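> Coordinates in final03.pdb, PDB, C-alpha atoms, are listed below.
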```pdb
ATOM      1  CA  MET J   1     -13.633   8.243   9.330
ATOM      2  CA  ASP J   2     -13.582  10.647   6.384
ATOM      3  CA  GLN J   3     -11.375   9.697   3.443
ATOM      4  CA  HIS J   4      -9.439  12.296   1.443
ATOM      5  CA  LEU J   5      -7.992  11.869  -2.046
ATOM      6  CA  PHE J   6      -6.169  14.482  -4.152
ATOM      7  CA  LEU J   7      -5.522  13.616  -7.797
ATOM      8  CA  PHE J   8      -3.197  15.582 -10.101
ATOM      9  CA  GLY J   9      -3.058  15.248 -13.874
ATOM     10  CA  GLY J  10       0.635  16.013 -14.217
ATOM     11  CA  SER J  11       3.807  16.786 -12.303
ATOM     12  CA  PRO J  12       4.183  18.685  -9.023
ATOM     13  CA  PRO J  13       3.899  21.146  -7.374
ATOM     14  CA  PHE J  14       0.611  21.146  -5.511
ATOM     15  CA  GLY J  15      -1.664  24.011  -6.398
ATOM     16  CA  ARG J  16      -2.046  26.524  -3.599
ATOM     17  CA  ILE J  17      -5.636  25.563  -2.734
ATOM     18  CA  HIS J  18      -5.200  21.801  -2.673
ATOM     19  CA  GLY J  19      -1.751  22.102  -1.129
ATOM     20  CA  LYS J  20      -3.230  24.044   1.762
ATOM     21  CA  GLN J  21      -6.049  21.534   2.205
ATOM     22  CA  PHE J  22      -3.706  18.545   2.074
ATOM     23  CA  ALA J  23      -1.308  20.181   4.533
ATOM     24  CA  SER J  24      -4.137  20.949   6.949
ATOM     25  CA  LEU J  25      -5.263  17.325   6.922
ATOM     26  CA  CYS J  26      -1.707  16.121   7.531
ATOM     27  CA  LYS J  27      -1.188  18.537  10.408
ATOM     28  CA  SER J  28      -4.405  17.374  12.066
ATOM     29  CA  LYS J  29      -2.711  14.019  12.679
ATOM     30  CA  LYS J  30       0.009  14.509  15.273
ATOM     31  CA  ASN J  31       3.464  12.966  15.665
ATOM     32  CA  GLY J  32       4.051  11.527  12.259
ATOM     33  CA  HIS J  33       5.447  12.228   8.825
ATOM     34  CA  VAL J  34       4.315  12.597   5.234
ATOM     35  CA  ALA J  35       5.399   9.567   3.218
ATOM     36  CA  ILE J  36       6.531  10.161  -0.360
ATOM     37  CA  PHE J  37       6.549   7.050  -2.563
ATOM     38  CA  CYS J  38       8.722   7.228  -5.657
ATOM     39  CA  LEU J  39      10.794   5.121  -8.017
ATOM     40  CA  ASN J  40      14.548   4.923  -7.583
ATOM     41  CA  ARG J  41      15.402   6.925 -10.685
ATOM     42  CA  LYS J  42      18.587   8.880 -11.232
ATOM     43  CA  GLY J  43      18.299  12.269  -9.548
ATOM     44  CA  TRP J  44      15.141  11.447  -7.588
ATOM     45  CA  GLN J  45      16.424  13.297  -4.509
ATOM     46  CA  THR J  46      16.671  16.603  -6.364
ATOM     47  CA  TYR J  47      13.035  16.259  -7.492
ATOM     48  CA  MET J  48      11.490  15.848  -4.044
ATOM     49  CA  PRO J  49      11.386  19.593  -3.173
ATOM     50  CA  LYS J  50       8.848  20.042  -5.981
ATOM     51  CA  TYR J  51       6.411  17.911  -3.998
ATOM     52  CA  GLN J  52       7.293  19.479  -0.666
ATOM     53  CA  HIS J  53       7.635  23.217  -1.014
ATOM     54  CA  ILE J  54       3.953  24.246  -0.992
ATOM     55  CA  LEU J  55       3.357  21.924   1.959
ATOM     56  CA  GLU J  56       6.373  23.345   3.786
ATOM     57  CA  GLU J  57       4.998  26.843   3.321
ATOM     58  CA  GLU J  58       1.815  25.579   4.974
ATOM     59  CA  GLY J  59       3.702  24.212   7.985
ATOM     60  CA  VAL J  60       4.397  20.564   7.093
ATOM     61  CA  THR J  61       8.038  19.845   7.876
ATOM     62  CA  ASP J  62       8.531  16.080   8.329
ATOM     63  CA  PHE J  63       8.873  14.082   5.098
ATOM     64  CA  ARG J  64      10.254  10.593   4.545
ATOM     65  CA  TYR J  65      11.001   8.925   1.233
ATOM     66  CA  TYR J  66      10.055   5.372   0.318
ATOM     67  CA  LEU J  67      11.746   3.952  -2.768
ATOM     68  CA  LEU J  68       9.259   1.513  -4.189
ATOM     69  CA  GLU J  69      11.826  -1.037  -5.302
ATOM     70  CA  GLU J  70      13.004  -1.320  -1.679
ATOM     71  CA  THR J  71       9.830  -0.806   0.368
ATOM     72  CA  LYS J  72       8.211  -4.054   1.501
ATOM     73  CA  SER J  73       5.984  -2.803   4.316
ATOM     74  CA  ILE J  74       4.960   0.434   6.050
ATOM     75  CA  ARG J  75       2.901  -1.192   8.792
ATOM     76  CA  SER J  76       5.068   0.093  11.655
ATOM     77  CA  GLU J  77       5.374   3.636  10.275
ATOM     78  CA  LYS J  78       3.586   6.666  11.742
ATOM     79  CA  ILE J  79       2.251   8.308   8.577
ATOM     80  CA  THR J  80       0.076  11.424   8.503
ATOM     81  CA  GLY J  81      -0.132  11.840   4.727
ATOM     82  CA  ILE J  82       0.852   9.961   1.572
ATOM     83  CA  ILE J  83       2.174  11.302  -1.723
ATOM     84  CA  ILE J  84       2.447   8.894  -4.658
ATOM     85  CA  CYS J  85       4.720  10.441  -7.245
ATOM     86  CA  GLY J  86       4.529  10.413 -11.023
ATOM     87  CA  GLY J  87       6.564   8.397 -13.476
ATOM     88  CA  ASP J  88       6.182   5.068 -15.231
ATOM     89  CA  THR J  89       2.638   3.903 -14.498
ATOM     90  CA  LEU J  90       3.361   0.211 -15.060
ATOM     91  CA  SER J  91       6.174   0.353 -12.501
ATOM     92  CA  TYR J  92       4.001   2.138  -9.940
ATOM     93  CA  HIS J  93       1.283  -0.433 -10.546
ATOM     94  CA  HIS J  94       3.727  -3.304 -10.067
ATOM     95  CA  TYR J  95       5.378  -2.004  -6.907
ATOM     96  CA  ILE J  96       2.221  -0.722  -5.191
ATOM     97  CA  VAL J  97      -0.953  -2.345  -6.480
ATOM     98  CA  THR J  98       0.395  -5.901  -6.656
ATOM     99  CA  LYS J  99       2.386  -5.759  -3.404
ATOM    100  CA  ARG J 100       1.689  -5.791   0.322
ATOM    101  CA  VAL J 101       2.482  -2.087   0.589
ATOM    102  CA  GLY J 102      -0.562  -1.346  -1.568
ATOM    103  CA  GLU J 103      -2.876  -3.038   0.922
ATOM    104  CA  GLU J 104      -1.235  -1.071   3.727
ATOM    105  CA  ILE J 105      -1.728   2.203   1.844
ATOM    106  CA  LYS J 106      -5.402   1.317   1.396
ATOM    107  CA  GLN J 107      -5.742   0.641   5.114
ATOM    108  CA  LEU J 108      -4.209   4.002   6.026
ATOM    109  CA  PHE J 109      -6.536   5.717   3.562
ATOM    110  CA  GLN J 110      -9.551   4.051   5.154
ATOM    111  CA  GLU J 111      -8.302   5.293   8.521
ATOM    112  CA  GLY J 112      -8.370   8.887   7.267
ATOM    113  CA  VAL J 113      -4.778   9.434   6.107
ATOM    114  CA  PRO J 114      -4.972  11.749   3.044
ATOM    115  CA  ILE J 115      -3.454  10.587  -0.225
ATOM    116  CA  ALA J 116      -2.184  12.741  -3.092
ATOM    117  CA  GLY J 117      -1.416  11.057  -6.407
ATOM    118  CA  PHE J 118       0.420  12.742  -9.282
ATOM    119  CA  SER J 119      -0.021  11.366 -12.808
ATOM    120  CA  ALA J 120       0.881   7.664 -12.390
ATOM    121  CA  GLY J 121       0.129   8.050  -8.689
ATOM    122  CA  ALA J 122      -3.360   9.243  -9.588
ATOM    123  CA  LEU J 123      -3.988   6.592 -12.230
ATOM    124  CA  ILE J 124      -3.430   3.642  -9.888
ATOM    125  CA  CYS J 125      -5.897   4.920  -7.261
ATOM    126  CA  SER J 126      -9.135   3.969  -8.998
ATOM    127  CA  GLU J 127     -10.700   0.529  -9.146
ATOM    128  CA  TYR J 128      -9.497   0.172 -12.736
ATOM    129  CA  CYS J 129      -6.208   1.698 -13.844
ATOM    130  CA  MET J 130      -6.131   3.033 -17.395
ATOM    131  CA  VAL J 131      -2.691   2.860 -19.013
ATOM    132  CA  SER J 132      -2.596   4.849 -22.237
ATOM    133  CA  PRO J 133      -0.311   3.898 -25.142
ATOM    134  CA  SER J 134       1.201   7.369 -24.687
ATOM    135  CA  ASP J 135       2.146   6.352 -21.144
ATOM    136  CA  TYR J 136       4.345   3.394 -21.973
ATOM    137  CA  LYS J 137       5.091   4.013 -25.665
ATOM    138  CA  GLY J 138       3.014   1.012 -26.614
ATOM    139  CA  ASP J 139       0.368   0.376 -29.218
ATOM    140  CA  LYS J 140      -2.469  -0.861 -27.017
ATOM    141  CA  LEU J 141      -4.699   0.711 -24.389
ATOM    142  CA  MET J 142      -4.363  -1.291 -21.160
ATOM    143  CA  VAL J 143      -6.834  -1.705 -18.301
ATOM    144  CA  LEU J 144      -5.431  -3.069 -15.035
ATOM    145  CA  ASN J 145      -6.857  -3.540 -11.578
ATOM    146  CA  GLY J 146      -6.079  -0.480  -9.457
ATOM    147  CA  LEU J 147      -5.819   0.143  -5.729
ATOM    148  CA  GLY J 148      -9.565   0.668  -5.543
ATOM    149  CA  ILE J 149      -9.471   3.565  -3.093
ATOM    150  CA  LEU J 150     -11.633   5.460  -5.598
ATOM    151  CA  GLN J 151     -14.730   3.712  -6.893
ATOM    152  CA  ASP J 152     -17.023   4.716  -9.764
ATOM    153  CA  TYR J 153     -14.435   6.753 -11.713
ATOM    154  CA  ILE J 154     -11.873   6.078 -14.415
ATOM    155  CA  ILE J 155      -8.928   8.510 -14.274
ATOM    156  CA  ALA J 156      -7.015   9.872 -17.277
ATOM    157  CA  ALA J 157      -3.867  11.953 -16.710
ATOM    158  CA  HIS J 158      -2.259  14.431 -19.148
ATOM    159  CA  TYR J 159      -5.754  14.498 -20.636
ATOM    160  CA  THR J 160      -5.483  17.197 -23.293
ATOM    161  CA  LYS J 161      -1.774  16.779 -24.024
ATOM    162  CA  TRP J 162      -2.215  13.082 -24.760
ATOM    163  CA  ASN J 163      -5.661  13.491 -26.395
ATOM    164  CA  GLU J 164      -7.137  10.942 -24.015
ATOM    165  CA  ARG J 165     -10.900  11.467 -24.353
ATOM    166  CA  GLN J 166     -11.568   8.503 -26.635
ATOM    167  CA  ASN J 167      -9.381   6.265 -24.491
ATOM    168  CA  LEU J 168     -11.203   7.371 -21.344
ATOM    169  CA  LEU J 169     -14.611   6.732 -22.894
ATOM    170  CA  ALA J 170     -13.471   3.332 -24.178
ATOM    171  CA  VAL J 171     -12.329   2.238 -20.717
ATOM    172  CA  MET J 172     -15.527   3.540 -19.128
ATOM    173  CA  THR J 173     -17.468   1.379 -21.567
ATOM    174  CA  GLU J 174     -15.262  -1.687 -21.118
ATOM    175  CA  THR J 175     -15.441  -1.558 -17.306
ATOM    176  CA  LYS J 176     -19.050  -0.313 -17.125
ATOM    177  CA  THR J 177     -17.904   2.682 -15.105
ATOM    178  CA  GLU J 178     -20.319   5.603 -15.340
ATOM    179  CA  LYS J 179     -17.961   8.479 -14.549
ATOM    180  CA  GLY J 180     -14.579   9.605 -15.820
ATOM    181  CA  LEU J 181     -12.122  12.291 -14.752
ATOM    182  CA  GLY J 182      -9.774  13.692 -17.374
ATOM    183  CA  LEU J 183      -7.056  15.690 -15.608
ATOM    184  CA  ASP J 184      -4.914  18.152 -17.534
ATOM    185  CA  ASP J 185      -1.306  18.667 -16.514
ATOM    186  CA  GLU J 186      -1.968  21.643 -14.254
ATOM    187  CA  ALA J 187      -5.287  20.421 -12.892
ATOM    188  CA  SER J 188      -6.276  18.621  -9.721
ATOM    189  CA  VAL J 189      -9.366  17.360  -7.959
ATOM    190  CA  TYR J 190     -10.044  16.778  -4.264
ATOM    191  CA  LEU J 191     -12.492  14.012  -3.403
ATOM    192  CA  LYS J 192     -13.880  13.518   0.089
ATOM    193  CA  ASN J 193     -15.500  10.156   0.735
ATOM    194  CA  GLY J 194     -15.501   9.531  -2.999
ATOM    195  CA  HIS J 195     -17.314  12.749  -3.917
ATOM    196  CA  ILE J 196     -15.772  15.761  -5.643
ATOM    197  CA  GLU J 197     -15.228  18.598  -3.175
ATOM    198  CA  SER J 198     -13.162  21.015  -5.247
ATOM    199  CA  LEU J 199     -11.244  21.483  -8.478
ATOM    200  CA  GLU J 200      -8.090  23.505  -9.077
ATOM    201  CA  GLY J 201      -6.129  24.537 -12.158
ATOM    202  CA  LYS J 202      -6.812  24.066 -15.847
ATOM    203  CA  ASN J 203      -8.728  21.829 -16.600
ATOM    204  CA  VAL J 204     -10.676  18.946 -15.084
ATOM    205  CA  HIS J 205     -12.900  17.234 -17.654
ATOM    206  CA  ILE J 206     -15.785  15.261 -16.188
ATOM    207  CA  GLU J 207     -17.408  12.555 -18.295
ATOM    208  CA  LYS J 208     -20.653  11.173 -16.912
ATOM    209  CA  GLY J 209     -24.170  10.165 -17.723
ATOM    210  CA  TRP J 210     -23.369   6.760 -19.182
ATOM    211  CA  SER J 211     -26.039   4.098 -19.014
ATOM    212  CA  PHE J 212     -25.256   0.412 -19.267
ATOM    213  CA  GLU J 213     -27.510  -2.565 -19.818
TER     214      GLU J 213
END
```
What do you get writing this file as C-alpha cells?


Amino acid sequence: MDQHLFLFGGSPPFGRIHGKQFASLCKSKKNGHVAIFCLNRKGWQTYMPKYQHILEEEGVTDFRYYLLEETKSIRSEKITGIIICGGDTLSYHHYIVTKRVGEEIKQLFQEGVPIAGFSAGALICSEYCMVSPSDYKGDKLMVLNGLGILQDYIIAAHYTKWNERQNLLAVMTETKTEKGLGLDDEASVYLKNGHIESLEGKNVHIEKGWSFE
C-alpha cells in the first residue's frame, strides 16, 4: 500500500498543486471523511475553512473535526484523509505522539490514508521532532521522538523566517540523520513512500550529504 505525506512549512491553505493531489487521494477512498486534528483554541471553528476551501474546490465535501484534548481514539472512524493543523508544537506532540491516537494515525497512514501536516503538524511526523526555541519561546533547542511516519529526514518549519538552518543541521548531527527539509511558510513537499515526489511554493531547502562515523 502506497503511503502519502504532505508537509507544509506554515499555515494553510493548501497550495493548488498539493491540494489537488491530496484531494484526489482522499476521493479514491469511498464512504468516509477527512479528519482535521486541531487544538481547542478560541476561535478554532472560524479557522477551519482555511484548511478546507482548496479541497472543497476539488470535490472533497465531508470533514470532521477532532479536538486533540478530547480525542482518545479514532479506531472506529471511517477516515479517508488526515490533516494535522498548526499551532503549539509541544501540545501537538503531547496529544498525538504520546497518546493512543498517534498509533492509530500511524496505522491509517500505513494503510494508505494520506496525511497533511501544517507547521507543528509537519514537525511531529518525522522520527525525531525538532522543536525550535522560536517555537515555544524557550532558550533551548529540543529534540523529541516523533510519530515516525517519515524516516531519514529532520523537518524544520518556518525555515527562513525563524533562521532555522543551524538548528536543523545541529539536530541532523545529534540524531545522525542524513537528510533535512527546511520548509518556508508558503512551501510544501509531497512524499510518496518516503521519497520526495514534488515541491510547491517558496521555498523548500534540502540539506543532505552528511556522513557519520

> Can you pull out every residue within 9 Å of region 142-149 of chain J, counting only C-alpha atoms, but drop anything in the same chain fewer than 4 positions away, and send it as a ChimeraX atom specification?

/J:5,93,96-98,102-103,105-106,109-110,123-133,171,174-175,194

> Hey, which of J:Tyr66, J:Phe6, J:Trp162, J:Tyr92 ends up closest to Leu199 (chain J)? Count all atoms listed in the file.

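Closest to Leu199 (chain J), using all atoms listed in the file: J:Phe6.
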
> So what does the PyMOL selection byres ((chain J and resi 29) around 9) actually pick up in this one, as a PyMOL selection string?

chain J and resi 25-28+30-32+79-81+113

> By how many Å are CA of Glu56 (chain J) and CA of Gly182 (chain J) apart?

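Separation of CA of Glu56 (chain J) and CA of Gly182 (chain J): 28.3 Å.
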
> Taking the file as I've supplied it (selection: the PyMOL selection byres ((chain J and resi 168) around 10)), which residues are included? Please answer as a ChimeraX atom specification.

/J:130-132,141,154-157,159,163-167,169-174,179-182,207

> Near Tyr47 (chain J), within 12 Å and counting only C-alpha atoms, which residues show up once chain neighbours fewer than 3 positions away are dropped, as a list of chain:residue names?

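What passes the distance filter is J:Ser11, J:Pro12, J:Pro13, J:Ile36, J:Cys38, J:Leu39, J:Asn40, J:Arg41, J:Lys42, J:Gly43, J:Trp44, J:Lys50, J:Tyr51, J:Gln52, J:His53, J:Tyr65, J:Cys85, J:Gly86, J:Gly87.
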
> Give me, as a PyMOL selection string, all polymer residues having an atom no more than 10 Å from Arg75 (chain J), counting only C-alpha atoms and skipping those fewer than 6 positions away in the same chain.

chain J and resi 100-101+103-105+107-108
